[in-house]
file my_file-v8.cif (mmCIF, C-alpha atoms)
data_run
#
loop_
_atom_site.label_atom_id
_atom_site.label_comp_id
_atom_site.auth_asym_id
_atom_site.auth_seq_id
_atom_site.Cartn_x
_atom_site.Cartn_y
_atom_site.Cartn_z
CA MET Q 1 95.41 -76.96 57.26
CA THR Q 2 95.31 -78.68 60.65
CA ALA Q 3 93.95 -77.09 63.83
CA ASP Q 4 97.52 -76.47 64.97
CA GLN Q 5 98.24 -74.57 61.75
CA THR Q 6 95.14 -72.35 61.92
CA PRO Q 7 96.35 -68.75 62.04
CA PRO Q 8 95.65 -66.91 65.30
CA LEU Q 9 92.44 -64.92 65.46
CA ALA Q 10 92.41 -61.11 65.52
CA LEU Q 11 90.00 -58.88 67.46
CA TYR Q 12 89.01 -55.35 66.48
CA VAL Q 13 87.37 -53.10 69.10
CA HIS Q 14 85.74 -49.88 67.88
CA TRP Q 15 85.45 -46.84 70.14
CA PRO Q 16 83.39 -44.32 68.14
CA PHE Q 17 83.87 -41.09 70.08
CA CYS Q 18 86.11 -38.13 69.25
CA VAL Q 19 86.57 -34.69 70.78
CA SER Q 20 85.92 -33.18 67.32
CA LYS Q 21 85.37 -34.40 63.76
CA CYS Q 22 88.29 -33.89 61.37
CA PRO Q 23 87.30 -32.46 57.97
CA TYR Q 24 88.94 -35.28 55.98
CA CYS Q 25 87.58 -38.15 58.09
CA ASP Q 26 84.94 -40.56 56.82
CA PHE Q 27 85.41 -43.09 59.64
CA ASN Q 28 82.60 -44.02 62.01
CA SER Q 29 83.44 -41.30 64.54
CA HIS Q 30 81.05 -39.15 66.53
CA VAL Q 31 81.15 -36.22 68.94
CA ARG Q 32 78.98 -36.53 72.06
CA GLU Q 33 78.71 -34.21 75.05
CA SER Q 34 78.84 -37.11 77.48
CA VAL Q 35 79.40 -40.87 77.40
CA ASP Q 36 78.03 -43.34 79.95
CA GLN Q 37 81.32 -45.13 80.49
CA ILE Q 38 79.88 -48.00 82.54
CA ALA Q 39 77.17 -48.71 79.98
CA TRP Q 40 79.73 -48.69 77.18
CA ARG Q 41 82.13 -50.99 78.99
CA ASP Q 42 79.34 -53.48 79.75
CA ALA Q 43 78.04 -53.37 76.17
CA LEU Q 44 81.49 -53.98 74.68
CA LEU Q 45 81.98 -56.92 77.02
CA ALA Q 46 78.61 -58.37 75.96
CA ASP Q 47 79.47 -57.93 72.28
CA LEU Q 48 82.82 -59.63 72.87
CA ALA Q 49 81.18 -62.57 74.65
CA TYR Q 50 78.87 -63.10 71.67
CA GLU Q 51 81.80 -63.25 69.25
CA ALA Q 52 83.69 -65.60 71.56
CA ARG Q 53 80.74 -68.02 71.52
CA ALA Q 54 80.66 -67.85 67.72
CA LEU Q 55 84.41 -68.44 67.35
CA PRO Q 56 85.38 -71.02 69.98
CA GLY Q 57 88.67 -72.84 70.20
CA ARG Q 58 90.84 -70.06 68.78
CA ARG Q 59 93.69 -68.03 70.25
CA LEU Q 60 94.13 -64.31 69.78
CA GLY Q 61 97.30 -63.14 68.07
CA SER Q 62 96.36 -59.47 67.89
CA ILE Q 63 93.88 -56.94 69.27
CA PHE Q 64 93.34 -53.48 67.82
CA PHE Q 65 91.46 -50.64 69.50
CA GLY Q 66 90.39 -48.29 66.71
CA GLY Q 67 88.02 -45.41 66.30
CA GLY Q 68 87.09 -42.70 66.77
CA THR Q 69 89.66 -41.97 69.42
CA PRO Q 70 90.20 -45.03 71.63
CA SER Q 71 92.81 -43.20 73.72
CA LEU Q 72 89.74 -41.48 75.22
CA MET Q 73 88.66 -44.84 76.66
CA PRO Q 74 89.18 -45.20 80.40
CA PRO Q 75 92.20 -47.47 80.93
CA ALA Q 76 90.03 -49.57 83.25
CA THR Q 77 87.69 -50.30 80.32
CA VAL Q 78 90.63 -51.32 78.16
CA ALA Q 79 91.86 -53.61 80.94
CA ALA Q 80 88.40 -55.17 81.35
CA ILE Q 81 88.13 -55.90 77.61
CA LEU Q 82 91.60 -57.44 77.50
CA ALA Q 83 90.89 -59.60 80.55
CA ALA Q 84 87.62 -60.83 79.01
CA ALA Q 85 89.30 -61.52 75.67
CA GLU Q 86 92.04 -63.54 77.33
CA ARG Q 87 89.51 -65.57 79.32
CA ALA Q 88 87.42 -66.21 76.21
CA TRP Q 89 90.14 -67.15 73.74
CA GLY Q 90 93.57 -67.10 75.32
CA PHE Q 91 96.49 -65.11 73.95
CA THR Q 92 99.47 -66.20 71.89
CA ASP Q 93 102.77 -65.62 73.67
CA ASP Q 94 103.66 -62.69 71.42
CA ILE Q 95 100.22 -61.08 71.14
CA GLU Q 96 100.20 -57.59 69.61
CA ILE Q 97 97.76 -55.21 71.35
CA THR Q 98 97.48 -51.87 69.55
CA LEU Q 99 95.59 -48.73 70.46
CA GLU Q 100 95.11 -45.69 68.23
CA ALA Q 101 95.81 -42.45 70.06
CA ASN Q 102 95.64 -38.74 69.45
CA PRO Q 103 98.87 -36.92 70.32
CA SER Q 104 97.42 -34.50 72.84
CA SER Q 105 98.95 -33.91 76.25
CA VAL Q 106 95.69 -34.98 77.92
CA GLU Q 107 95.71 -38.35 76.20
CA ALA Q 108 99.48 -38.80 76.54
CA ALA Q 109 98.99 -38.53 80.31
CA ARG Q 110 97.06 -41.83 80.09
CA PHE Q 111 99.77 -43.74 78.24
CA ALA Q 112 101.36 -45.24 81.35
CA ASP Q 113 97.97 -46.46 82.56
CA LEU Q 114 97.13 -47.88 79.12
CA ALA Q 115 100.46 -49.72 79.08
CA ALA Q 116 99.69 -51.10 82.53
CA ALA Q 117 96.29 -52.25 81.21
CA GLY Q 118 98.06 -54.34 78.56
CA ILE Q 119 98.53 -52.16 75.49
CA ASN Q 120 101.94 -52.92 73.95
CA ARG Q 121 101.74 -50.98 70.68
CA VAL Q 122 100.40 -47.50 69.94
CA SER Q 123 99.49 -45.92 66.62
CA LEU Q 124 99.71 -42.16 67.02
CA GLY Q 125 97.77 -39.78 64.77
CA LEU Q 126 100.39 -37.07 64.30
CA GLN Q 127 99.18 -36.44 60.69
CA ALA Q 128 101.67 -33.62 59.98
CA LEU Q 129 104.84 -31.99 61.29
CA ASP Q 130 103.74 -28.51 60.33
CA ASP Q 131 101.45 -26.31 62.47
CA GLU Q 132 99.71 -24.69 59.53
CA ALA Q 133 99.01 -28.11 58.00
CA LEU Q 134 97.65 -29.38 61.32
CA ARG Q 135 95.23 -26.46 61.48
CA PHE Q 136 94.15 -27.16 57.90
CA LEU Q 137 93.55 -30.83 58.81
CA GLY Q 138 91.42 -29.80 61.80
CA ARG Q 139 93.76 -31.32 64.34
CA ALA Q 140 93.54 -30.12 67.94
CA HIS Q 141 97.28 -30.51 68.61
CA GLY Q 142 100.30 -28.56 67.41
CA VAL Q 143 103.65 -29.97 66.35
CA ASP Q 144 105.34 -29.48 69.74
CA GLU Q 145 102.48 -31.13 71.62
CA GLY Q 146 102.44 -33.99 69.12
CA LEU Q 147 106.16 -34.63 69.42
CA ALA Q 148 105.96 -34.52 73.21
CA ALA Q 149 103.20 -37.18 73.02
CA LEU Q 150 105.40 -39.24 70.69
CA ALA Q 151 108.25 -39.13 73.20
CA THR Q 152 105.86 -40.16 75.98
CA ALA Q 153 104.57 -43.03 73.84
CA GLN Q 154 108.08 -44.24 73.05
CA ALA Q 155 108.86 -44.32 76.76
CA ALA Q 156 105.63 -46.17 77.64
CA PHE Q 157 105.25 -48.75 74.85
CA ALA Q 158 107.55 -51.28 73.28
CA ARG Q 159 106.25 -50.55 69.79
CA VAL Q 160 105.15 -47.20 68.33
CA SER Q 161 103.82 -46.19 64.92
CA PHE Q 162 102.53 -42.87 63.73
CA ASP Q 163 100.48 -41.55 60.80
CA LEU Q 164 101.22 -38.71 58.41
CA ILE Q 165 99.02 -37.31 55.65
CA TYR Q 166 100.74 -35.96 52.54
CA ALA Q 167 99.73 -34.64 49.12
CA ARG Q 168 98.15 -31.71 50.93
CA PRO Q 169 97.11 -28.60 48.95
CA GLY Q 170 100.18 -26.63 47.90
CA GLN Q 171 102.63 -29.14 49.38
CA SER Q 172 105.81 -29.26 47.31
CA LEU Q 173 107.91 -32.35 46.79
CA ALA Q 174 110.83 -30.71 48.63
CA ALA Q 175 108.65 -29.78 51.61
CA TRP Q 176 107.27 -33.33 51.92
CA GLU Q 177 110.73 -34.84 51.54
CA ALA Q 178 112.00 -32.69 54.42
CA GLU Q 179 108.98 -33.55 56.57
CA LEU Q 180 109.35 -37.26 55.89
CA ARG Q 181 113.07 -37.27 56.66
CA ARG Q 182 112.33 -35.51 59.93
CA ALA Q 183 109.69 -38.13 60.73
CA LEU Q 184 112.13 -40.95 60.08
CA GLY Q 185 114.56 -39.33 62.49
CA PHE Q 186 112.31 -40.11 65.46
CA GLY Q 187 113.26 -43.77 65.24
CA THR Q 188 109.85 -45.47 65.25
CA GLU Q 189 109.62 -48.94 63.73
CA HIS Q 190 106.50 -48.27 61.64
CA LEU Q 191 104.97 -45.38 59.69
CA SER Q 192 101.56 -45.14 58.03
CA LEU Q 193 101.78 -42.57 55.23
CA TYR Q 194 98.53 -41.67 53.49
CA GLN Q 195 97.89 -39.44 50.51
CA LEU Q 196 95.11 -36.96 51.26
CA THR Q 197 91.96 -38.08 49.46
CA ILE Q 198 88.62 -36.30 49.32
CA GLU Q 199 86.07 -38.70 50.78
CA PRO Q 200 82.34 -38.31 50.09
CA GLY Q 201 80.34 -36.87 52.96
CA THR Q 202 83.27 -35.08 54.59
CA ARG Q 203 83.70 -31.33 55.04
CA PHE Q 204 86.63 -31.46 52.64
CA ALA Q 205 84.30 -32.92 49.99
CA THR Q 206 82.02 -29.91 50.40
CA GLU Q 207 85.00 -27.55 50.16
CA ALA Q 208 86.34 -29.31 47.05
CA ALA Q 209 82.93 -29.25 45.35
CA ALA Q 210 82.77 -25.50 45.94
CA GLY Q 211 86.23 -25.03 44.43
CA ARG Q 212 87.77 -23.93 47.71
CA LEU Q 213 90.11 -26.92 48.05
CA THR Q 214 92.40 -28.45 45.44
CA ILE Q 215 94.76 -31.34 46.08
CA PRO Q 216 97.84 -32.12 43.93
CA ASN Q 217 97.12 -33.47 40.45
CA GLU Q 218 97.89 -37.05 39.41
CA ASP Q 219 101.43 -36.32 38.22
CA ALA Q 220 102.36 -34.44 41.39
CA ALA Q 221 100.74 -37.10 43.56
CA ALA Q 222 102.69 -39.81 41.71
CA ASP Q 223 105.96 -37.98 42.34
CA LEU Q 224 105.10 -37.70 46.06
CA PHE Q 225 104.20 -41.40 46.23
CA GLU Q 226 107.36 -42.59 44.51
CA THR Q 227 109.56 -40.30 46.61
CA THR Q 228 107.89 -41.56 49.79
CA ARG Q 229 108.66 -45.18 48.95
CA ALA Q 230 112.23 -44.44 47.92
CA ILE Q 231 113.05 -42.49 51.08
CA THR Q 232 111.45 -44.98 53.49
CA ALA Q 233 113.15 -47.93 51.77
CA ALA Q 234 116.53 -46.21 51.98
CA ALA Q 235 115.92 -45.56 55.69
CA GLY Q 236 115.20 -49.25 56.37
CA LEU Q 237 111.40 -48.97 56.56
CA PRO Q 238 110.28 -50.26 53.15
CA ALA Q 239 106.62 -50.30 52.17
CA TYR Q 240 105.09 -53.69 52.94
CA GLU Q 241 101.59 -52.44 51.99
CA ILE Q 242 100.63 -49.56 49.76
CA SER Q 243 100.54 -47.00 52.62
CA ASN Q 244 102.41 -48.79 55.42
CA HIS Q 245 106.14 -48.90 56.01
CA ALA Q 246 108.07 -50.86 58.62
CA ARG Q 247 111.39 -52.26 59.67
CA PRO Q 248 111.45 -55.98 58.78
CA GLY Q 249 109.56 -57.82 61.52
CA ALA Q 250 107.82 -54.67 62.78
CA GLU Q 251 104.82 -54.84 60.45
CA SER Q 252 101.37 -54.44 62.00
CA ARG Q 253 100.45 -58.06 62.64
CA HIS Q 254 96.83 -57.09 63.16
CA ASN Q 255 96.49 -55.36 59.81
CA LEU Q 256 98.27 -58.25 58.12
CA VAL Q 257 95.37 -60.43 59.25
CA TYR Q 258 93.04 -58.25 57.15
CA TRP Q 259 95.34 -58.10 54.14
CA ARG Q 260 96.06 -61.84 54.28
CA TYR Q 261 92.32 -62.49 54.54
CA GLN Q 262 92.33 -64.41 57.80
CA ASP Q 263 89.60 -64.52 60.45
CA TYR Q 264 88.95 -61.55 62.70
CA ALA Q 265 86.17 -60.63 65.09
CA GLY Q 266 84.86 -57.07 65.19
CA ILE Q 267 82.98 -55.53 68.12
CA GLY Q 268 81.65 -52.04 68.82
CA PRO Q 269 79.67 -49.67 66.57
CA GLY Q 270 80.19 -50.24 62.85
CA ALA Q 271 82.87 -52.89 63.37
CA HIS Q 272 83.25 -55.48 60.60
CA GLY Q 273 84.50 -59.04 60.90
CA ARG Q 274 85.24 -62.14 58.86
CA ARG Q 275 84.22 -65.21 60.78
CA ALA Q 276 84.87 -68.56 59.06
CA GLY Q 277 83.23 -67.52 55.79
CA LEU Q 278 80.72 -65.12 57.32
CA ALA Q 279 80.82 -61.36 56.85
CA THR Q 280 79.74 -59.61 60.04
CA ALA Q 281 78.94 -55.96 60.68
CA ARG Q 282 77.71 -54.10 63.75
CA HIS Q 283 75.08 -51.36 63.90
CA LYS Q 284 76.93 -48.19 62.96
CA LYS Q 285 75.38 -45.36 64.97
CA PRO Q 286 76.54 -45.56 68.60
CA GLU Q 287 73.04 -45.28 70.05
CA ASN Q 288 71.68 -47.94 67.67
CA TRP Q 289 74.50 -50.32 68.54
CA LEU Q 290 73.97 -49.75 72.26
CA GLY Q 291 70.25 -50.41 71.87
CA ALA Q 292 70.89 -53.60 69.92
CA VAL Q 293 73.20 -54.90 72.64
CA ALA Q 294 70.54 -54.14 75.25
CA ARG Q 295 67.89 -56.01 73.21
CA ASN Q 296 69.89 -58.91 71.81
CA GLY Q 297 73.01 -59.25 73.92
CA HIS Q 298 75.16 -58.21 70.94
CA GLY Q 299 75.46 -55.40 68.39
CA ALA Q 300 75.54 -57.49 65.19
CA GLN Q 301 73.38 -56.21 62.34
CA ILE Q 302 74.75 -58.38 59.51
CA GLU Q 303 75.95 -61.99 59.57
CA ASP Q 304 76.00 -63.08 55.94
CA ALA Q 305 77.54 -66.20 54.44
CA LEU Q 306 79.90 -65.24 51.62
CA ALA Q 307 79.89 -67.24 48.39
CA PRO Q 308 83.26 -68.81 47.57
CA SER Q 309 83.71 -66.41 44.63
CA GLU Q 310 83.12 -63.44 46.95
CA ARG Q 311 85.69 -64.70 49.42
CA ALA Q 312 88.24 -65.18 46.66
CA LYS Q 313 87.59 -61.70 45.28
CA GLU Q 314 87.97 -60.11 48.73
CA ALA Q 315 91.19 -62.04 49.33
CA LEU Q 316 92.59 -60.87 45.99
CA LEU Q 317 91.66 -57.22 46.53
CA MET Q 318 93.19 -57.23 50.01
CA GLY Q 319 96.25 -59.35 49.30
CA LEU Q 320 97.42 -57.49 46.22
CA ARG Q 321 97.89 -54.40 48.39
CA LEU Q 322 100.81 -56.24 50.01
CA ARG Q 323 104.32 -56.32 48.60
CA GLU Q 324 104.32 -60.09 49.26
CA GLY Q 325 101.24 -60.55 47.06
CA ILE Q 326 98.96 -63.57 47.22
CA ASP Q 327 99.11 -67.36 46.98
CA LEU Q 328 97.01 -68.34 43.96
CA THR Q 329 96.56 -71.90 45.23
CA ARG Q 330 94.90 -70.55 48.38
CA ILE Q 331 92.76 -68.15 46.32
CA ALA Q 332 91.55 -71.05 44.17
CA ARG Q 333 90.72 -73.00 47.32
CA LEU Q 334 88.78 -70.06 48.77
CA GLY Q 335 86.93 -69.57 45.49
CA ALA Q 336 86.27 -73.29 44.98
CA ALA Q 337 87.21 -72.72 41.35
CA PRO Q 338 90.20 -72.75 39.01
CA ILE Q 339 92.27 -69.59 39.27
CA ALA Q 340 91.37 -68.79 35.64
CA ASP Q 341 87.80 -68.23 36.84
CA LEU Q 342 88.96 -65.73 39.46
CA ILE Q 343 91.58 -63.61 37.72
CA ASP Q 344 91.88 -62.38 34.14
CA GLU Q 345 94.88 -64.46 33.10
CA ALA Q 346 95.46 -62.65 29.81
CA THR Q 347 95.47 -59.24 31.48
CA ALA Q 348 97.74 -60.50 34.28
CA THR Q 349 100.19 -61.80 31.68
CA ARG Q 350 100.12 -58.49 29.79
CA LEU Q 351 100.67 -56.46 32.97
CA ALA Q 352 103.51 -58.79 33.98
CA ALA Q 353 105.17 -58.14 30.61
CA GLN Q 354 104.85 -54.42 31.32
CA GLY Q 355 106.60 -54.85 34.67
CA LEU Q 356 103.51 -54.10 36.76
CA LEU Q 357 102.91 -57.63 38.11
CA THR Q 358 105.06 -60.64 38.92
CA ARG Q 359 103.87 -64.24 38.86
CA ALA Q 360 106.04 -67.11 40.00
CA ASP Q 361 105.44 -70.39 41.82
CA ASP Q 362 101.71 -69.69 42.14
CA ARG Q 363 102.38 -66.31 43.71
CA LEU Q 364 100.97 -63.11 42.18
CA ALA Q 365 102.23 -59.72 43.34
CA VAL Q 366 102.11 -56.12 42.23
CA THR Q 367 105.57 -54.72 41.53
CA GLU Q 368 106.98 -51.47 42.88
CA ALA Q 369 106.09 -49.76 39.59
CA GLY Q 370 102.62 -51.30 39.69
CA MET Q 371 101.80 -50.02 43.17
CA LEU Q 372 101.50 -46.52 41.76
CA LEU Q 373 98.70 -47.83 39.51
CA LEU Q 374 97.13 -50.25 41.99
CA ASP Q 375 93.63 -48.72 41.84
CA ALA Q 376 93.62 -49.19 38.06
CA ILE Q 377 95.20 -52.66 38.11
CA LEU Q 378 92.86 -54.34 40.59
CA PRO Q 379 89.61 -54.09 38.57
CA LEU Q 380 91.46 -55.27 35.46
CA VAL Q 381 92.89 -58.39 37.05
CA VAL Q 382 90.30 -59.45 39.63
CA LEU Q 383 87.21 -60.91 38.01
CA ASP Q 384 83.82 -60.04 39.44
CA GLY Q 385 82.17 -63.05 41.05
CA SER Q 386 79.36 -62.85 38.52
CA GLU Q 387 81.83 -63.38 35.67
CA SER Q 388 83.19 -66.67 36.98
#
call {"tool": "encode", "arguments": {"input": "my_file-v8.cif", "output": "structure tokens"}}
result
Amino acid sequence: MTADQTPPLALYVHWPFCVSKCPYCDFNSHVRESVDQIAWRDALLADLAYEARALPGRRLGSIFFGGGTPSLMPPATVAAILAAAERAWGFTDDIEITLEANPSSVEAARFADLAAAGINRVSLGLQALDDEALRFLGRAHGVDEGLAALATAQAAFARVSFDLIYARPGQSLAAWEAELRRALGFGTEHLSLYQLTIEPGTRFATEAAAGRLTIPNEDAAADLFETTRAITAAAGLPAYEISNHARPGAESRHNLVYWRYQDYAGIGPGAHGRRAGLATARHKKPENWLGAVARNGHGAQIEDALAPSERAKEALLMGLRLREGIDLTRIARLGAAPIADLIDEATATRLAAQGLLTRADDRLAVTEAGMLLLDAILPLVVLDGSES
């Protein structure tokens, strides 16, 4: 691949603060009584400058502000980060700049200022279109407030996505179908639709362990998953990744960088990156990250070279989440080994015969039927680096 063909770089910016912690959330999010906004802006700019020095000569094709709740960031901080990123790397003509936002009226009031700062895509955490479900999920907004924020976002930004969580306790297939059809009626180009999972260390995990919370069983969850994919496909937003649905051409270009295993820089507490064969990770706790930036000029805690077999395994695990699948020639190049050393060929052939995988012209992909079983398929097909 020549320099001109090198894919654009992606930048992830983590803002760790939230107004409250949702009971299902295992992300690196924290509640603090106060935040020194100037100190945080300066630290993020320092962390960005460090990554820019480590990844020179690249152009940014996407930036993603995640969290936490980055819509709590002052728009002036967002503008400062974008200006520094453009000076450091330069932007592609069609750069995608996404910010995750909570659908509260307070945050929606900032949307115009965030758009003026340079945000051109928003991912809105609606999570449900049912007030009782929103209370169960610990969300601070109600349905009406959320939909008002969605309308404000659609007026302010060229591209809008929103999230919903399904497979909630007691949720029937008919109820989810009605909720999903209503969601599709709002005309956004992209939906992220996640099955509720019980993550270790969350309040929901404590509730489930005590027998106070039960999510749908495997058969019910499978019905919900298959119905979700059928309805979104019929509406013109087919699944392009296991939980993400978009009109053709409206896929999240930033997230595709992850799933296609291309380079991305990560700054802010707990942010991960993949930098030309290095795995990078920042200090996770906000105060520890801030202290590291003060001491070292950056927040990096880990900068480890990945063995070729590790890179190939990561690329397989990420790429097989995509409907498009993966290029086995590229995987072999990443792994510096024949593809037979990286995937279990016999198992792949058997699963292909069962209609769960397709393999053609050096491309391996999970079929529509296989996506339902993706978590079981991946460890069967992808060889551990130690086995190669």
call {"tool": "resolve_selection", "arguments": {"input": "my_file-v8.cif", "expression": "the PyMOL selection byres ((chain Q and resi 177-184) around 9)", "output": "list in words"}}
result
Ala128, Leu129, Asp130, Leu164, Ser172, Leu173, Ala174, Ala175, Trp176, Gly185, Phe186, Gly187, Thr188, Leu191, Leu224, Thr227, Thr228, Ile231, Thr232, Ala235 and Leu237 of chain Q
call {"tool": "write_last_selection", "arguments": {"input": "my_file-v8.cif", "atoms": "C-alpha atoms", "output": "PDB file, keeping the file's coordinate frame"}}
result
ATOM      1  CA  ALA Q 128     101.670 -33.620  59.980  1.00  0.00           C
ATOM      2  CA  LEU Q 129     104.840 -31.990  61.290  1.00  0.00           C
ATOM      3  CA  ASP Q 130     103.740 -28.510  60.330  1.00  0.00           C
ATOM      4  CA  LEU Q 164     101.220 -38.710  58.410  1.00  0.00           C
ATOM      5  CA  SER Q 172     105.810 -29.260  47.310  1.00  0.00           C
ATOM      6  CA  LEU Q 173     107.910 -32.350  46.790  1.00  0.00           C
ATOM      7  CA  ALA Q 174     110.830 -30.710  48.630  1.00  0.00           C
ATOM      8  CA  ALA Q 175     108.650 -29.780  51.610  1.00  0.00           C
ATOM      9  CA  TRP Q 176     107.270 -33.330  51.920  1.00  0.00           C
ATOM     10  CA  GLY Q 185     114.560 -39.330  62.490  1.00  0.00           C
ATOM     11  CA  PHE Q 186     112.310 -40.110  65.460  1.00  0.00           C
ATOM     12  CA  GLY Q 187     113.260 -43.770  65.240  1.00  0.00           C
ATOM     13  CA  THR Q 188     109.850 -45.470  65.250  1.00  0.00           C
ATOM     14  CA  LEU Q 191     104.970 -45.380  59.690  1.00  0.00           C
ATOM     15  CA  LEU Q 224     105.100 -37.700  46.060  1.00  0.00           C
ATOM     16  CA  THR Q 227     109.560 -40.300  46.610  1.00  0.00           C
ATOM     17  CA  THR Q 228     107.890 -41.560  49.790  1.00  0.00           C
ATOM     18  CA  ILE Q 231     113.050 -42.490  51.080  1.00  0.00           C
ATOM     19  CA  THR Q 232     111.450 -44.980  53.490  1.00  0.00           C
ATOM     20  CA  ALA Q 235     115.920 -45.560  55.690  1.00  0.00           C
ATOM     21  CA  LEU Q 237     111.400 -48.970  56.560  1.00  0.00           C
TER      22      LEU Q 237
END
call {"tool": "atom_distance", "arguments": {"input": "my_file-v8.cif", "atom1": "atom CA of Q:Pro16", "atom2": "atom CA of Q:Arg139"}}
result
17.1 Å
call {"tool": "atom_distance", "arguments": {"input": "my_file-v8.cif", "atom1": "atom CA of Q:Pro248", "atom2": "atom CA of Q:Ala376"}}
result
28.2 Å
call {"tool": "residues_around", "arguments": {"input": "my_file-v8.cif", "residues": "Q:Ala39", "least_positions_apart": "6", "cutoff": "10 Å", "atoms": "all atoms listed in the file", "output": "list of chain:residue names"}}
result
Q:Leu45, Q:Leu290, Q:Ala294
call {"tool": "write_last_selection", "arguments": {"input": "my_file-v8.cif", "atoms": "C-alpha atoms", "output": "tab-separated table (two decimals), keeping the file's coordinate frame"}}
result
chain	number	residue	atom	x	y	z
Q	45	LEU	CA	81.98	-56.92	77.02
Q	290	LEU	CA	73.97	-49.75	72.26
Q	294	ALA	CA	70.54	-54.14	75.25
call {"tool": "residues_around", "arguments": {"input": "my_file-v8.cif", "residues": "Q:Pro238", "least_positions_apart": "3", "cutoff": "12 Å", "atoms": "all atoms listed in the file", "output": "PDB file with C-alpha atoms, in the frame of the given file"}}
result
ATOM      1  CA  LEU Q 184     112.130 -40.950  60.080  1.00  0.00           C
ATOM      2  CA  GLU Q 189     109.620 -48.940  63.730  1.00  0.00           C
ATOM      3  CA  HIS Q 190     106.500 -48.270  61.640  1.00  0.00           C
ATOM      4  CA  LEU Q 191     104.970 -45.380  59.690  1.00  0.00           C
ATOM      5  CA  SER Q 192     101.560 -45.140  58.030  1.00  0.00           C
ATOM      6  CA  LEU Q 193     101.780 -42.570  55.230  1.00  0.00           C
ATOM      7  CA  GLU Q 226     107.360 -42.590  44.510  1.00  0.00           C
ATOM      8  CA  THR Q 227     109.560 -40.300  46.610  1.00  0.00           C
ATOM      9  CA  THR Q 228     107.890 -41.560  49.790  1.00  0.00           C
ATOM     10  CA  ARG Q 229     108.660 -45.180  48.950  1.00  0.00           C
ATOM     11  CA  ALA Q 230     112.230 -44.440  47.920  1.00  0.00           C
ATOM     12  CA  ILE Q 231     113.050 -42.490  51.080  1.00  0.00           C
ATOM     13  CA  THR Q 232     111.450 -44.980  53.490  1.00  0.00           C
ATOM     14  CA  ALA Q 233     113.150 -47.930  51.770  1.00  0.00           C
ATOM     15  CA  ALA Q 234     116.530 -46.210  51.980  1.00  0.00           C
ATOM     16  CA  ALA Q 235     115.920 -45.560  55.690  1.00  0.00           C
ATOM     17  CA  GLU Q 241     101.590 -52.440  51.990  1.00  0.00           C
ATOM     18  CA  ILE Q 242     100.630 -49.560  49.760  1.00  0.00           C
ATOM     19  CA  SER Q 243     100.540 -47.000  52.620  1.00  0.00           C
ATOM     20  CA  ASN Q 244     102.410 -48.790  55.420  1.00  0.00           C
ATOM     21  CA  HIS Q 245     106.140 -48.900  56.010  1.00  0.00           C
ATOM     22  CA  ALA Q 246     108.070 -50.860  58.620  1.00  0.00           C
ATOM     23  CA  ARG Q 247     111.390 -52.260  59.670  1.00  0.00           C
ATOM     24  CA  PRO Q 248     111.450 -55.980  58.780  1.00  0.00           C
ATOM     25  CA  GLY Q 249     109.560 -57.820  61.520  1.00  0.00           C
ATOM     26  CA  ALA Q 250     107.820 -54.670  62.780  1.00  0.00           C
ATOM     27  CA  GLU Q 251     104.820 -54.840  60.450  1.00  0.00           C
ATOM     28  CA  LEU Q 322     100.810 -56.240  50.010  1.00  0.00           C
ATOM     29  CA  ARG Q 323     104.320 -56.320  48.600  1.00  0.00           C
ATOM     30  CA  GLU Q 368     106.980 -51.470  42.880  1.00  0.00           C
TER      31      GLU Q 368
END
call {"tool": "residues_around", "arguments": {"input": "my_file-v8.cif", "residues": "Q:Thr197", "least_positions_apart": "2", "cutoff": "12 Å", "atoms": "all atoms listed in the file", "output": "ChimeraX atom specification"}}
result
/Q:23-26,137,165-169,194-195,199-200,202,204-205,208,213-218,221
call {"tool": "residues_around", "arguments": {"input": "my_file-v8.cif", "residues": "stretch 83-96 of chain Q", "least_positions_apart": "6", "cutoff": "12 Å", "atoms": "all atoms listed in the file", "output": "PyMOL selection string"}}
result
chain Q and resi 7-13+41-42+44-65+76-77+117-122+157-160+250-257+265+267
call {"tool": "atom_distance", "arguments": {"input": "my_file-v8.cif", "atom1": "atom CA of Q:Gly268", "atom2": "atom CA of Q:Ile198"}}
result
26.0 Å
call {"tool": "resolve_selection", "arguments": {"input": "my_file-v8.cif", "expression": "the PyMOL selection byres ((chain Q and resi 99-105) around 7)", "output": "short mmCIF file (atom, residue, chain, number, x, y, z; two decimals) with C-alpha atoms, in the coordinates of the input"}}
result
data_model
loop_
_atom_site.label_atom_id
_atom_site.label_comp_id
_atom_site.auth_asym_id
_atom_site.auth_seq_id
_atom_site.Cartn_x
_atom_site.Cartn_y
_atom_site.Cartn_z
CA PHE Q 64 93.34 -53.48 67.82
CA PHE Q 65 91.46 -50.64 69.50
CA GLY Q 66 90.39 -48.29 66.71
CA THR Q 69 89.66 -41.97 69.42
CA PRO Q 70 90.20 -45.03 71.63
CA SER Q 71 92.81 -43.20 73.72
CA ILE Q 97 97.76 -55.21 71.35
CA THR Q 98 97.48 -51.87 69.55
CA VAL Q 106 95.69 -34.98 77.92
CA GLU Q 107 95.71 -38.35 76.20
CA ALA Q 108 99.48 -38.80 76.54
CA ALA Q 109 98.99 -38.53 80.31
CA ILE Q 119 98.53 -52.16 75.49
CA ARG Q 121 101.74 -50.98 70.68
CA VAL Q 122 100.40 -47.50 69.94
CA SER Q 123 99.49 -45.92 66.62
CA LEU Q 124 99.71 -42.16 67.02
CA GLY Q 125 97.77 -39.78 64.77
CA LEU Q 126 100.39 -37.07 64.30
CA HIS Q 141 97.28 -30.51 68.61
CA GLU Q 145 102.48 -31.13 71.62
CA GLY Q 146 102.44 -33.99 69.12
CA ALA Q 149 103.20 -37.18 73.02
CA LEU Q 150 105.40 -39.24 70.69
#
